[in-house]
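Undergrad: Below is a structure I'd like to ask you about.
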Amino acid sequence: MRDKFPEPGEMTVRKLAEIMGQRLMLAPACGEEGFGRLVSSPDISRPGLALTGFTHRFLHDRIQIFGETEITYLSYLKPSAREAAIANIFQFPVYCCIVTKGYEPPAELCAAAWKSDCAVFRSPRDTTPLIHDLTGYLAEVFAPRKSVHGTLVDVFGVGLLVTGRSAIGKSEAVLGLVERGHRLVADDMVRIRRTGEVLLGTGDALMGYHMEIRGLGMVDVAALFGIRAVKDRQQVDIEVRLVDWTQKPDFDRTGLEKATTTYLGIRIPQVTLPVLPGRNLALLLEVAAMNHLLNTRGVDVPAALEQKLIERMQAASEAGGGPRETGRGEES
Amino acid sequence: MTRRTVIVPNRLGIHARPAALIVKKASSFRSEITIAAGSEEINGKSIMGVMTLAAGQGTELAVTACGPDEEKAVEALCELIASGFGED
C-alpha cells in the first residue's frame, strides 16, 4: 500500500498497470514495447476529435481513452479510412491507449501502436468510472509533495504532525500516544502530498513503522503494538511544534492567538508546545488533538472565556463597582 | 517586600490579552509577585489567576513583589497596567 504512489519520474506504463491493473481491469492488448514509457500527465484524453482529423490541441502526453464513441466511429469507417484516422493521432508520440467497455482494439490501432511503441490495454469497465479511478489515482501521483522532518500520528482521527529539533522527544511522545491507543503513520520522515485542499501524509515504504528510540535503537511499532497501532496514510490536520522550554517564554498563554503554518500552499493550525522534563507530552498532544476537534466544531474556548470575562467586568462596573467575591455557584 | 497600587485605566479592563501581558511581564522577574483587587489576591505569574480578578475599568489593583528584583518588578507591572495595554 505504502508503495502505491511512485514519484512522477518513475511512473511508467508498466508501473501503472501493476498498481492499477486490477482495479481498472486492464488487460494488455498489444504494444508491450511501450511499457517502459513514462506516464507524463495526470490527465486523460478522449481522442475522438483528433481521429476525425482535427488534431489542433491534441493532448498526446495524456493516456488516450477509446470509449464507445471512438470505437463506434472507427467501426463506421472503411479499413483505409480507419488507418488514416488512427494515423492522425499517431503522428504524435502517443504512449498509452485504453479501450474500454470490453471492445476489441481495431487491428489498425494495434498496428500503429506496435510501430510507435505505444501500449494498448483493454478493459471491460465502463468509460466514465474507469476515467474517475484512473485520474483520481494519477492526481495523487502527480500531486505536489514534500518531505518533512517530523512524526505523523492519528489521534482521535486528527492527524498530528509533530515537529521539533532532533532529540527533543518527538518519538518518545508519539510512542506514548501509541501506547494510549493512537496510531503511528510515519516517524522521523513524513512524506506529504497535497491533493485538492487536503494534505495527506505517509511514511517511507522501506522504513515502515520503525522508530528510533534513543538507547533502544530501532524498534518496530507494528510488531510491538500490532496492527491497531499503525496506519498507512492520514490527513495532516495540525502541526504541533515541540520547542525547548529554556527558549524565551514567548508562547501564547491564553490560546487566543491562532497560529498557522503552510505546507504546499495549504494553511493548517500550528500549536507550539514547550518541552520540560516531566511534562506528559503524550497527554498534552492528546489534548491538542481534542482541542482541535472542538475548534473545528466552532467551539473556541479561550474566546468564549474572554467574552464571559469582559461581560462580567462590564456588569460589575454598571452595578457601580464591587466586582469582587464571585465564586463558582454565585453566578446565575 | 514592595507594594504599590494602580488603577485599571482601559475600558475593557483586565481581559485575556492584558492578563497575558501582565503574566508575561511578571514571569520575567525572579520575585514572588501577587496582585490584589479588594480582598482577592492572586499569583501574578498565573494567567488564570489574573483573569479571575475580573478587574474592570477603574478597579484599584495592589501589586506586591517579594524577592531580589521586587522594586523593578512592581514598577514595571504598575507602568504596564497604567499604560492601558495600548487599548482605549
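Chain labels follow the order of the C-alpha cells: the first chain is A, the next B, and so on; residue numbering restarts at 1 in every chain, and ligands are counted from 1 in their shown order.
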Pick out the residues sitting within 7 Å of region 37-49 of chain B, and hand them over as a tab-separated table (two decimals) with N, CA, C and O atoms, in the first residue's frame; count only C-alpha atoms, and ignore anything fewer than 6 positions along from it in its own chain.
TA:
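This went into selection.tsv:
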```
chain	number	residue	atom	x	y	z
A	324	ARG	N	-15.92	42.12	43.28
A	324	ARG	CA	-15.22	41.01	43.91
A	324	ARG	C	-16.15	39.88	44.36
A	324	ARG	O	-17.36	39.98	44.27
B	19	ALA	N	-4.23	40.34	30.52
B	19	ALA	CA	-3.81	39.37	31.53
B	19	ALA	C	-2.55	38.65	31.05
B	19	ALA	O	-1.60	38.44	31.82
B	20	ALA	N	-2.54	38.28	29.75
B	20	ALA	CA	-1.37	37.59	29.21
B	20	ALA	C	-0.14	38.49	29.26
B	20	ALA	O	0.96	38.03	29.56
B	23	VAL	N	1.11	38.67	32.90
B	23	VAL	CA	1.76	37.43	33.32
B	23	VAL	C	3.14	37.30	32.66
B	23	VAL	O	4.10	36.87	33.28
B	26	ALA	N	5.39	39.71	34.49
B	26	ALA	CA	5.67	39.22	35.84
B	26	ALA	C	6.63	38.04	35.81
B	26	ALA	O	7.54	37.93	36.65
B	27	SER	N	6.47	37.18	34.78
B	27	SER	CA	7.31	35.98	34.71
B	27	SER	C	8.76	36.31	34.38
B	27	SER	O	9.63	35.45	34.52
B	60	GLU	N	-8.98	49.35	41.55
B	60	GLU	CA	-7.65	49.59	42.12
B	60	GLU	C	-6.97	48.24	42.37
B	60	GLU	O	-7.54	47.37	43.03
B	61	LEU	N	-5.78	48.09	41.76
B	61	LEU	CA	-5.02	46.85	41.95
B	61	LEU	C	-3.81	47.15	42.83
B	61	LEU	O	-3.16	48.19	42.67
B	62	ALA	N	-3.54	46.23	43.76
B	62	ALA	CA	-2.33	46.36	44.59
B	62	ALA	C	-1.32	45.33	44.11
B	62	ALA	O	-1.60	44.13	44.14
```
Undergrad: Report as a ChimeraX atom specification the set of chain B residues whose atoms approach chain A to within 6 Å, with distances computed over only C-alpha atoms.
TA: /B:16,54,56
Undergrad: Got time to write the residues from that selection, C-alpha atoms, as an mmCIF file, in the first residue's frame?
TA:
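The file below, result-v9.cif, is the result:
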```cif
data_model
loop_
_atom_site.group_PDB
_atom_site.id
_atom_site.type_symbol
_atom_site.label_atom_id
_atom_site.label_comp_id
_atom_site.auth_asym_id
_atom_site.auth_seq_id
_atom_site.Cartn_x
_atom_site.Cartn_y
_atom_site.Cartn_z
ATOM 1 C CA ALA B 16 -7.407 37.894 28.468
ATOM 2 C CA ALA B 54 -12.038 40.298 36.610
ATOM 3 C CA GLY B 56 -12.739 46.188 35.203
#
```
Undergrad: Leaving out Pro277 (chain A) and any residue of its chain fewer than 5 positions from it, which residues lie within 12 Å of it when counting only C-alpha atoms, given as number ranges by chain?
TA: A: 168-169, 173, 244-246
Undergrad: Would you mind listing what lies within 9 Å of Val39 (chain A) as a list in words, with only C-alpha atoms counted and same-chain residues fewer than 5 positions away left out?
TA: Pro8, Gly9, Glu10, Met11, Thr12, Val13, Leu16, Asp61, Arg62, Ile63, Tyr95 and Cys96 of chain A
Undergrad: Take the selection from the previous step and output its residues with N, CA, C and O atoms, as a PDB file, in the first residue's frame.
TA:
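Final file, out18.pdb:
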```pdb
ATOM      1  N   PRO A   8       6.548  10.889  -9.801  1.00  0.00           N
ATOM      2  CA  PRO A   8       6.098  11.036 -11.189  1.00  0.00           C
ATOM      3  C   PRO A   8       7.163  10.582 -12.187  1.00  0.00           C
ATOM      4  O   PRO A   8       6.844   9.971 -13.206  1.00  0.00           O
ATOM      5  N   GLY A   9       8.433  10.827 -11.886  1.00  0.00           N
ATOM      6  CA  GLY A   9       9.507  10.440 -12.797  1.00  0.00           C
ATOM      7  C   GLY A   9       9.722   8.939 -12.903  1.00  0.00           C
ATOM      8  O   GLY A   9      10.470   8.467 -13.741  1.00  0.00           O
ATOM      9  N   GLU A  10       9.062   8.185 -11.993  1.00  0.00           N
ATOM     10  CA  GLU A  10       9.206   6.721 -12.020  1.00  0.00           C
ATOM     11  C   GLU A  10       7.922   6.050 -12.475  1.00  0.00           C
ATOM     12  O   GLU A  10       7.809   4.831 -12.462  1.00  0.00           O
ATOM     13  N   MET A  11       6.952   6.869 -12.836  1.00  0.00           N
ATOM     14  CA  MET A  11       5.636   6.321 -13.158  1.00  0.00           C
ATOM     15  C   MET A  11       5.596   5.864 -14.607  1.00  0.00           C
ATOM     16  O   MET A  11       5.207   6.605 -15.512  1.00  0.00           O
ATOM     17  N   THR A  12       5.997   4.629 -14.822  1.00  0.00           N
ATOM     18  CA  THR A  12       5.945   4.094 -16.174  1.00  0.00           C
ATOM     19  C   THR A  12       4.577   3.466 -16.418  1.00  0.00           C
ATOM     20  O   THR A  12       3.805   3.236 -15.492  1.00  0.00           O
ATOM     21  N   VAL A  13       4.320   3.171 -17.683  1.00  0.00           N
ATOM     22  CA  VAL A  13       3.088   2.474 -18.037  1.00  0.00           C
ATOM     23  C   VAL A  13       3.047   1.118 -17.332  1.00  0.00           C
ATOM     24  O   VAL A  13       2.002   0.695 -16.817  1.00  0.00           O
ATOM     25  N   LEU A  16       2.026   1.615 -13.738  1.00  0.00           N
ATOM     26  CA  LEU A  16       0.592   1.926 -13.680  1.00  0.00           C
ATOM     27  C   LEU A  16      -0.228   0.647 -13.806  1.00  0.00           C
ATOM     28  O   LEU A  16      -1.185   0.430 -13.055  1.00  0.00           O
ATOM     29  N   ASP A  61       0.347  13.857 -24.690  1.00  0.00           N
ATOM     30  CA  ASP A  61       1.090  13.426 -23.498  1.00  0.00           C
ATOM     31  C   ASP A  61       0.167  12.816 -22.442  1.00  0.00           C
ATOM     32  O   ASP A  61       0.603  12.504 -21.343  1.00  0.00           O
ATOM     33  N   ARG A  62      -1.092  12.634 -22.778  1.00  0.00           N
ATOM     34  CA  ARG A  62      -2.018  12.020 -21.839  1.00  0.00           C
ATOM     35  C   ARG A  62      -2.364  10.605 -22.284  1.00  0.00           C
ATOM     36  O   ARG A  62      -2.216  10.261 -23.449  1.00  0.00           O
ATOM     37  N   ILE A  63      -2.858   9.830 -21.338  1.00  0.00           N
ATOM     38  CA  ILE A  63      -3.336   8.500 -21.689  1.00  0.00           C
ATOM     39  C   ILE A  63      -4.606   8.667 -22.526  1.00  0.00           C
ATOM     40  O   ILE A  63      -5.494   9.443 -22.186  1.00  0.00           O
ATOM     41  N   TYR A  95       1.692   7.315 -26.075  1.00  0.00           N
ATOM     42  CA  TYR A  95       2.388   6.214 -25.379  1.00  0.00           C
ATOM     43  C   TYR A  95       1.466   5.196 -24.730  1.00  0.00           C
ATOM     44  O   TYR A  95       1.906   4.126 -24.321  1.00  0.00           O
ATOM     45  N   CYS A  96       0.191   5.517 -24.575  1.00  0.00           N
ATOM     46  CA  CYS A  96      -0.688   4.546 -23.907  1.00  0.00           C
ATOM     47  C   CYS A  96      -2.139   4.784 -24.298  1.00  0.00           C
ATOM     48  O   CYS A  96      -2.620   5.915 -24.263  1.00  0.00           O
TER      49      CYS A  96
END
```
Undergrad: At what distance in Å, to one decimal, does CA of Leu242 (chain A) lie from CA of Gly164 (chain A)?
TA: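 About the pair CA of Gly164 (chain A) and CA of Leu242 (chain A): they are 4.8 Å apart.
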Undergrad: Could you please write out, as a list in words, every residue of region 139-186 of chain A that DSSP assigns to alpha helix (DSSP H)?
TA: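 The alpha helix (DSSP H) residues within region 139-186 of chain A come out as Ala139, Glu140, Val141, Lys170, Ser171, Glu172, Ala173, Val174, Leu175, Gly176, Leu177, Val178 and Glu179 of chain A.
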Undergrad: Convert the current residue selection to file output with all heavy atoms, as a short mmCIF file (atom, residue, chain, number, x, y, z; two decimals), in the first residue's frame.
TA:
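Written out: again-v4.cif:
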```cif
data_model
loop_
_atom_site.label_atom_id
_atom_site.label_comp_id
_atom_site.auth_asym_id
_atom_site.auth_seq_id
_atom_site.Cartn_x
_atom_site.Cartn_y
_atom_site.Cartn_z
N ALA A 139 -3.87 11.77 -10.07
CA ALA A 139 -3.81 13.08 -9.40
C ALA A 139 -2.95 12.97 -8.13
O ALA A 139 -2.21 13.89 -7.78
CB ALA A 139 -5.21 13.55 -9.05
N GLU A 140 -3.06 11.83 -7.45
CA GLU A 140 -2.25 11.65 -6.24
C GLU A 140 -0.78 11.47 -6.59
O GLU A 140 0.10 11.96 -5.89
CB GLU A 140 -2.76 10.46 -5.44
CG GLU A 140 -4.16 10.70 -4.91
CD GLU A 140 -4.38 10.07 -3.54
OE1 GLU A 140 -3.39 9.87 -2.82
OE2 GLU A 140 -5.53 9.78 -3.22
N VAL A 141 -0.53 10.73 -7.67
CA VAL A 141 0.87 10.52 -8.06
C VAL A 141 1.53 11.84 -8.44
O VAL A 141 2.67 12.11 -8.08
CB VAL A 141 0.95 9.53 -9.25
CG1 VAL A 141 2.37 9.48 -9.81
CG2 VAL A 141 0.50 8.14 -8.82
N LYS A 170 10.23 13.84 20.10
CA LYS A 170 9.08 13.57 19.22
C LYS A 170 8.71 12.09 19.29
O LYS A 170 7.56 11.74 19.51
CB LYS A 170 9.41 13.92 17.76
CG LYS A 170 9.69 15.38 17.51
CD LYS A 170 9.86 15.65 16.02
CE LYS A 170 11.15 15.09 15.45
NZ LYS A 170 12.35 15.78 15.91
N SER A 171 9.72 11.24 19.09
CA SER A 171 9.42 9.81 19.01
C SER A 171 8.89 9.28 20.34
O SER A 171 7.94 8.51 20.36
CB SER A 171 10.68 9.04 18.60
OG SER A 171 11.11 9.48 17.33
N GLU A 172 9.50 9.71 21.43
CA GLU A 172 9.03 9.25 22.74
C GLU A 172 7.58 9.68 22.97
O GLU A 172 6.76 8.91 23.47
CB GLU A 172 9.92 9.81 23.86
CG GLU A 172 11.28 9.14 23.96
CD GLU A 172 12.30 9.75 23.01
OE1 GLU A 172 11.90 10.45 22.06
OE2 GLU A 172 13.50 9.52 23.21
N ALA A 173 7.29 10.93 22.60
CA ALA A 173 5.93 11.44 22.80
C ALA A 173 4.94 10.60 21.99
O ALA A 173 3.86 10.25 22.48
CB ALA A 173 5.86 12.91 22.38
N VAL A 174 5.33 10.29 20.76
CA VAL A 174 4.42 9.54 19.90
C VAL A 174 4.29 8.10 20.37
O VAL A 174 3.22 7.50 20.30
CB VAL A 174 4.89 9.65 18.43
CG1 VAL A 174 4.14 8.67 17.56
CG2 VAL A 174 4.68 11.07 17.94
N LEU A 175 5.36 7.56 20.90
CA LEU A 175 5.30 6.22 21.49
C LEU A 175 4.27 6.21 22.63
O LEU A 175 3.49 5.27 22.77
CB LEU A 175 6.69 5.84 22.02
CG LEU A 175 7.06 4.37 22.03
CD1 LEU A 175 6.83 3.73 20.68
CD2 LEU A 175 8.51 4.21 22.46
N GLY A 176 4.27 7.28 23.39
CA GLY A 176 3.28 7.42 24.46
C GLY A 176 1.87 7.43 23.90
O GLY A 176 0.96 6.83 24.46
N LEU A 177 1.69 8.10 22.75
CA LEU A 177 0.37 8.15 22.12
C LEU A 177 -0.05 6.76 21.63
O LEU A 177 -1.19 6.35 21.78
CB LEU A 177 0.38 9.13 20.95
CG LEU A 177 0.40 10.61 21.33
CD1 LEU A 177 0.61 11.48 20.10
CD2 LEU A 177 -0.90 11.00 22.02
N VAL A 178 0.90 6.05 21.02
CA VAL A 178 0.60 4.70 20.51
C VAL A 178 0.19 3.80 21.68
O VAL A 178 -0.77 3.03 21.60
CB VAL A 178 1.83 4.12 19.77
CG1 VAL A 178 1.67 2.63 19.54
CG2 VAL A 178 2.02 4.85 18.45
N GLU A 179 0.89 3.95 22.79
CA GLU A 179 0.59 3.16 23.98
C GLU A 179 -0.82 3.48 24.50
O GLU A 179 -1.47 2.63 25.08
CB GLU A 179 1.67 3.46 25.02
CG GLU A 179 1.87 2.38 26.05
CD GLU A 179 1.17 2.74 27.34
OE1 GLU A 179 1.03 3.95 27.60
OE2 GLU A 179 0.77 1.82 28.06
#
```
Undergrad: List as JSON, numbers by chain the protein and nucleic acid residues near Pro9 (chain B), meaning an atom at most 12 Å away when only C-alpha atoms are counted, but skip any in the same chain fewer than 4 places from it.
TA: {"B": [13, 14, 18, 55, 56, 57, 58, 59, 60, 61, 78, 79, 80, 81, 82, 83, 84, 85, 86, 87, 88]}
Undergrad: Could you please determine the separation between CA of Leu200 (chain A) and CA of Pro269 (chain A) in Å, to one decimal place?
TA: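 According to the coordinates, CA of Leu200 (chain A) and CA of Pro269 (chain A) are separated by 15.2 Å.
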Undergrad: Would you compute the distance between CA of Pro124 (chain A) and CA of Gln91 (chain A)? Give it in Å to one decimal.
TA: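 Those two atoms sit 27.8 Å apart.
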